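> So here's input-v3.cif (mmCIF, C-alpha atoms).
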data_protein
#
loop_
_atom_site.label_atom_id
_atom_site.label_comp_id
_atom_site.auth_asym_id
_atom_site.auth_seq_id
_atom_site.Cartn_x
_atom_site.Cartn_y
_atom_site.Cartn_z
CA MET A 1 38.88 10.53 8.70
CA THR A 2 38.53 11.59 5.08
CA LEU A 3 39.49 9.68 2.00
CA THR A 4 41.17 11.35 -0.89
CA GLY A 5 41.86 9.88 -4.27
CA PRO A 6 40.17 6.88 -5.86
CA ILE A 7 38.24 4.42 -3.71
CA PRO A 8 40.08 1.10 -3.52
CA ARG A 9 38.45 -1.75 -5.44
CA SER A 10 38.37 -3.90 -2.30
CA PHE A 11 36.28 -1.26 -0.49
CA GLY A 12 33.74 -1.33 -3.31
CA LEU A 13 33.54 -5.14 -3.16
CA VAL A 14 33.05 -5.06 0.61
CA MET A 15 30.22 -2.52 0.26
CA LEU A 16 28.58 -4.58 -2.50
CA ALA A 17 28.76 -7.72 -0.34
CA THR A 18 27.31 -5.83 2.64
CA VAL A 19 24.35 -4.59 0.58
CA ALA A 20 23.79 -8.10 -0.84
CA LEU A 21 23.83 -9.65 2.64
CA ALA A 22 21.39 -7.04 3.95
CA GLY A 23 19.01 -7.84 1.10
CA ALA A 24 19.42 -11.59 1.67
CA SER A 25 18.67 -11.27 5.39
CA ALA A 26 15.53 -9.27 4.63
CA GLN A 27 14.45 -11.94 2.14
CA ALA A 28 15.06 -14.65 4.74
CA GLN A 29 12.48 -12.97 7.01
CA PHE A 30 9.82 -13.83 4.45
CA ALA A 31 10.90 -17.40 3.61
CA ALA A 32 8.60 -18.95 6.22
CA VAL A 33 5.02 -17.82 6.71
CA PRO A 34 4.19 -17.45 10.41
CA GLN A 35 1.65 -19.76 11.97
CA PRO A 36 -1.40 -17.74 13.08
CA GLN A 37 -2.43 -17.80 16.71
CA LYS A 38 -5.89 -19.12 17.40
CA VAL A 39 -8.29 -16.25 17.88
CA ALA A 40 -10.83 -16.83 20.67
CA ALA A 41 -14.50 -16.88 19.71
CA LEU A 42 -14.95 -15.51 16.20
CA GLN A 43 -17.52 -12.71 16.45
CA PRO A 44 -19.54 -11.79 13.35
CA SER A 45 -18.92 -8.37 11.86
CA ASP A 46 -21.80 -5.91 11.84
CA ALA A 47 -20.09 -3.70 9.23
CA PRO A 48 -22.55 -2.27 6.68
CA THR A 49 -20.01 -1.88 3.84
CA ALA A 50 -16.87 -3.54 2.49
CA LYS A 51 -14.83 -0.50 3.54
CA ALA A 52 -16.10 -0.78 7.12
CA TYR A 53 -15.63 -4.56 7.10
CA ARG A 54 -11.94 -4.30 6.28
CA ILE A 55 -11.32 -2.80 9.75
CA ASP A 56 -12.83 -5.91 11.37
CA ALA A 57 -10.76 -8.11 9.05
CA ALA A 58 -7.60 -6.15 9.91
CA ARG A 59 -8.25 -6.54 13.64
CA HIS A 60 -8.67 -10.27 13.13
CA ILE A 61 -5.37 -10.50 11.22
CA TYR A 62 -3.61 -8.45 13.92
CA GLY A 63 -4.97 -10.91 16.49
CA ALA A 64 -3.72 -13.85 14.44
CA TYR A 65 -0.19 -12.45 14.09
CA PRO A 66 0.47 -10.28 17.18
CA ALA A 67 4.26 -10.80 17.11
CA HIS A 68 4.39 -9.48 13.55
CA ILE A 69 2.60 -6.18 14.13
CA LEU A 70 4.82 -3.15 13.68
CA LYS A 71 4.20 -1.03 16.78
CA GLY A 72 4.16 2.75 16.57
CA LYS A 73 4.66 4.86 13.48
CA VAL A 74 5.91 3.28 10.26
CA PRO A 75 9.47 4.29 9.25
CA PRO A 76 9.72 6.65 6.26
CA LEU A 77 11.33 4.04 4.01
CA VAL A 78 9.16 0.99 4.36
CA TYR A 79 10.58 -2.22 2.84
CA ALA A 80 7.47 -3.15 0.84
CA ILE A 81 4.01 -1.83 0.06
CA LEU A 82 1.50 -4.39 -1.15
CA VAL A 83 -2.15 -3.88 -2.07
CA THR A 84 -4.47 -6.88 -1.86
CA GLU A 85 -8.11 -7.53 -2.64
CA THR A 86 -9.55 -10.29 -0.47
CA GLU A 87 -12.83 -12.03 -1.19
CA ILE A 88 -14.60 -13.91 1.59
CA ASP A 89 -17.86 -15.79 1.80
CA ALA A 90 -20.72 -15.19 4.23
CA ARG A 91 -19.06 -17.48 6.82
CA GLY A 92 -15.77 -15.56 6.71
CA LYS A 93 -13.82 -18.14 4.70
CA VAL A 94 -11.17 -16.57 2.46
CA LEU A 95 -12.08 -17.50 -1.10
CA LYS A 96 -9.51 -15.53 -3.04
CA VAL A 97 -6.67 -13.07 -2.52
CA ARG A 98 -5.72 -10.99 -5.51
CA VAL A 99 -2.63 -8.79 -5.56
CA LEU A 100 -3.47 -5.36 -6.98
CA ARG A 101 -0.02 -3.85 -6.39
CA GLN A 102 3.10 -5.91 -5.91
CA PRO A 103 6.18 -4.44 -4.21
CA ALA A 104 8.74 -3.29 -6.77
CA ALA A 105 11.93 -4.50 -5.12
CA ALA A 106 10.66 -6.90 -2.47
CA ARG A 107 8.73 -9.51 -4.38
CA GLU A 108 9.33 -12.15 -1.69
CA VAL A 109 6.81 -10.26 0.46
CA THR A 110 3.89 -11.02 -1.89
CA PRO A 111 3.53 -14.78 -1.22
CA TRP A 112 4.24 -14.16 2.47
CA VAL A 113 1.32 -11.72 2.83
CA VAL A 114 -1.06 -13.76 0.65
CA SER A 115 -0.31 -16.89 2.69
CA MET A 116 -0.86 -15.04 5.97
CA ILE A 117 -4.30 -13.90 4.80
CA HIS A 118 -5.27 -17.46 3.81
CA ARG A 119 -3.94 -18.93 7.06
CA ALA A 120 -5.92 -16.40 9.14
CA SER A 121 -9.15 -17.73 7.59
CA PRO A 122 -11.91 -17.70 8.64
CA LEU A 123 -12.23 -13.97 9.16
CA PRO A 124 -15.22 -12.50 11.01
CA PRO A 125 -18.38 -13.47 9.12
CA PRO A 126 -19.83 -10.34 7.43
CA ALA A 127 -23.32 -10.70 8.94
CA ARG A 128 -24.91 -7.64 7.30
CA ILE A 129 -23.35 -7.83 3.83
CA GLY A 130 -22.72 -11.53 3.20
CA ARG A 131 -20.01 -12.31 0.66
CA VAL A 132 -17.58 -9.38 0.46
CA LYS A 133 -14.46 -8.13 -1.32
CA PHE A 134 -12.24 -5.57 0.34
CA VAL A 135 -8.96 -3.85 -0.49
CA GLU A 136 -6.12 -3.49 2.00
CA VAL A 137 -2.71 -1.82 1.83
CA TRP A 138 0.08 -3.70 3.63
CA LEU A 139 3.11 -1.74 4.90
CA VAL A 140 5.88 -4.27 5.52
CA ASP A 141 9.15 -3.65 7.36
CA LYS A 142 12.40 -5.56 6.68
CA SER A 143 12.05 -7.11 10.13
CA GLY A 144 9.00 -9.11 9.02
CA GLN A 145 6.61 -6.85 10.89
CA PHE A 146 3.72 -5.03 9.25
CA GLN A 147 0.84 -2.63 9.59
CA VAL A 148 -2.20 -2.46 7.39
CA HIS A 149 -3.60 0.85 6.23
CA SER A 150 -6.93 0.28 8.02
CA LEU A 151 -5.17 0.25 11.41
CA THR A 152 -1.96 2.15 10.71
CA GLU A 153 -0.53 4.39 13.39
CA GLY A 154 0.82 6.76 10.75
CA GLN A 155 4.29 7.35 9.43
CA ILE A 156 7.34 9.03 10.95
#
Please go through the file and, once you have read it, give me the structure as structure tokens.

Amino acid sequence: MTLTGPIPRSFGLVMLATVALAGASAQAQFAAVPQPQKVAALQPSDAPTAKAYRIDAARHIYGAYPAHILKGKVPPLVYAILVTETEIDARGKVLKVRVLRQPAAAREVTPWVVSMIHRASPLPPPARIGRVKFVEVWLVDKSGQFQVHSLTEGQI
């Protein structure tokens, strides 16, 4: 079926409402921060650098939120990209989470991610380096699932 002539005003309003509802449902995914699962015995990290430590931290966060991990390759148009800097003490307690890059159109994701990081505390104690700051890139899907750059499976 092809349309010719001007698009009826009612069609435009229906499309606008559909787009608004899609955005609202995506926002609703991030209204409640998930409760982390208890991770078994917290093993200290033997990572020699902050860059190496972030992999251990990412594994811990994946273990805390297994139902929210985006399996497989990330879709080409991810809903939000967020960059965080997390500071932890020598015992693994999250001291501070700073947002280095906030998502442009999906600002509701920022408090959701920051809260998840705090709730996953303590992270593995950084045995070799003590207090540490590390940067992580979060790739967040509209479904409320995510991957972090340290453990990403790539992109489609």
> CA of Val140 in chain A to CA of Arg119 in chain A: how many Å, to one decimal?
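About the pair CA of Val140 in chain A and CA of Arg119 in chain A: they are 17.7 Å apart.
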> Write out as a ChimeraX atom specification the residues lying within 12 Å of Gly63 in chain A, counting only C-alpha atoms and excluding same-chain residues fewer than 5 positions away.
/A:35-42,56-58,68-69,120-121,123-124
> Name all residues at most 6 Å from range 132-139 of chain A (count only C-alpha atoms; drop same-chain ones fewer than 3 positions away) and give them as a PyMOL selection string.
chain A and resi 50+81-88+146-149
> Suppose you want the space between CA of Thr152 in chain A and CA of Arg54 in chain A; what is it in Å?
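Calculated distance between CA of Thr152 in chain A and CA of Arg54 in chain A is 12.7 Å.
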> Using all atoms listed in the file, pick whichever of A:Ala47, A:Ile55, A:Val33, A:Val114 has the shortest atom-to-atom distance to Ser150 in chain A.
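Once distances to Ser150 in chain A are computed over all atoms listed in the file, the minimum belongs to A:Ile55.
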> Name the closest residue to Ala28 in chain A among the candidates A:Glu108, A:Asp46, A:Asp141, A:Asp89; distances are taken between atoms, counting only C-alpha atoms.
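Between A:Glu108, A:Asp46, A:Asp141, A:Asp89, the residue approaching Ala28 in chain A most closely is A:Glu108.
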> Report the residues retrieved by the PyMOL selection byres ((chain A and resi 107) around 12) from the displayed file, expressed as a PyMOL selection string.
chain A and resi 23+26-27+30-31+79-82+99+101-106+108-114+140
> Using only C-alpha atoms for the distances, tell me which of A:Pro44, A:Ile61, A:Lys73, A:Pro66 is nearest to Ile156 in chain A.
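For Ile156 in chain A, the nearest of the candidates is A:Lys73.
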> Which residue out of A:Gly144, A:Gly92, A:Pro48, A:Gly72 has the minimum interatomic distance to Arg131 in chain A when all atoms listed in the file are used?
A:Gly92
> With distances taken over only C-alpha atoms, which residue among A:Ser45, A:Ser143, A:Ser115, A:Gln155 lies nearest Ala90 in chain A?
A:Ser45
> Enter the distance from CA of Pro122 in chain A to CA of Val94 in chain A, in Å, rounded to one decimal.
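Computing the Euclidean distance for CA of Pro122 in chain A and CA of Val94 in chain A yields 6.3 Å.
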> Can you work out which one of A:Val74, A:His118, A:Ala67, A:Ile129 has the shortest atom-to-atom distance to Lys51 in chain A, counting all atoms listed in the file?
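The closest residue to Lys51 in chain A is A:Ile129.
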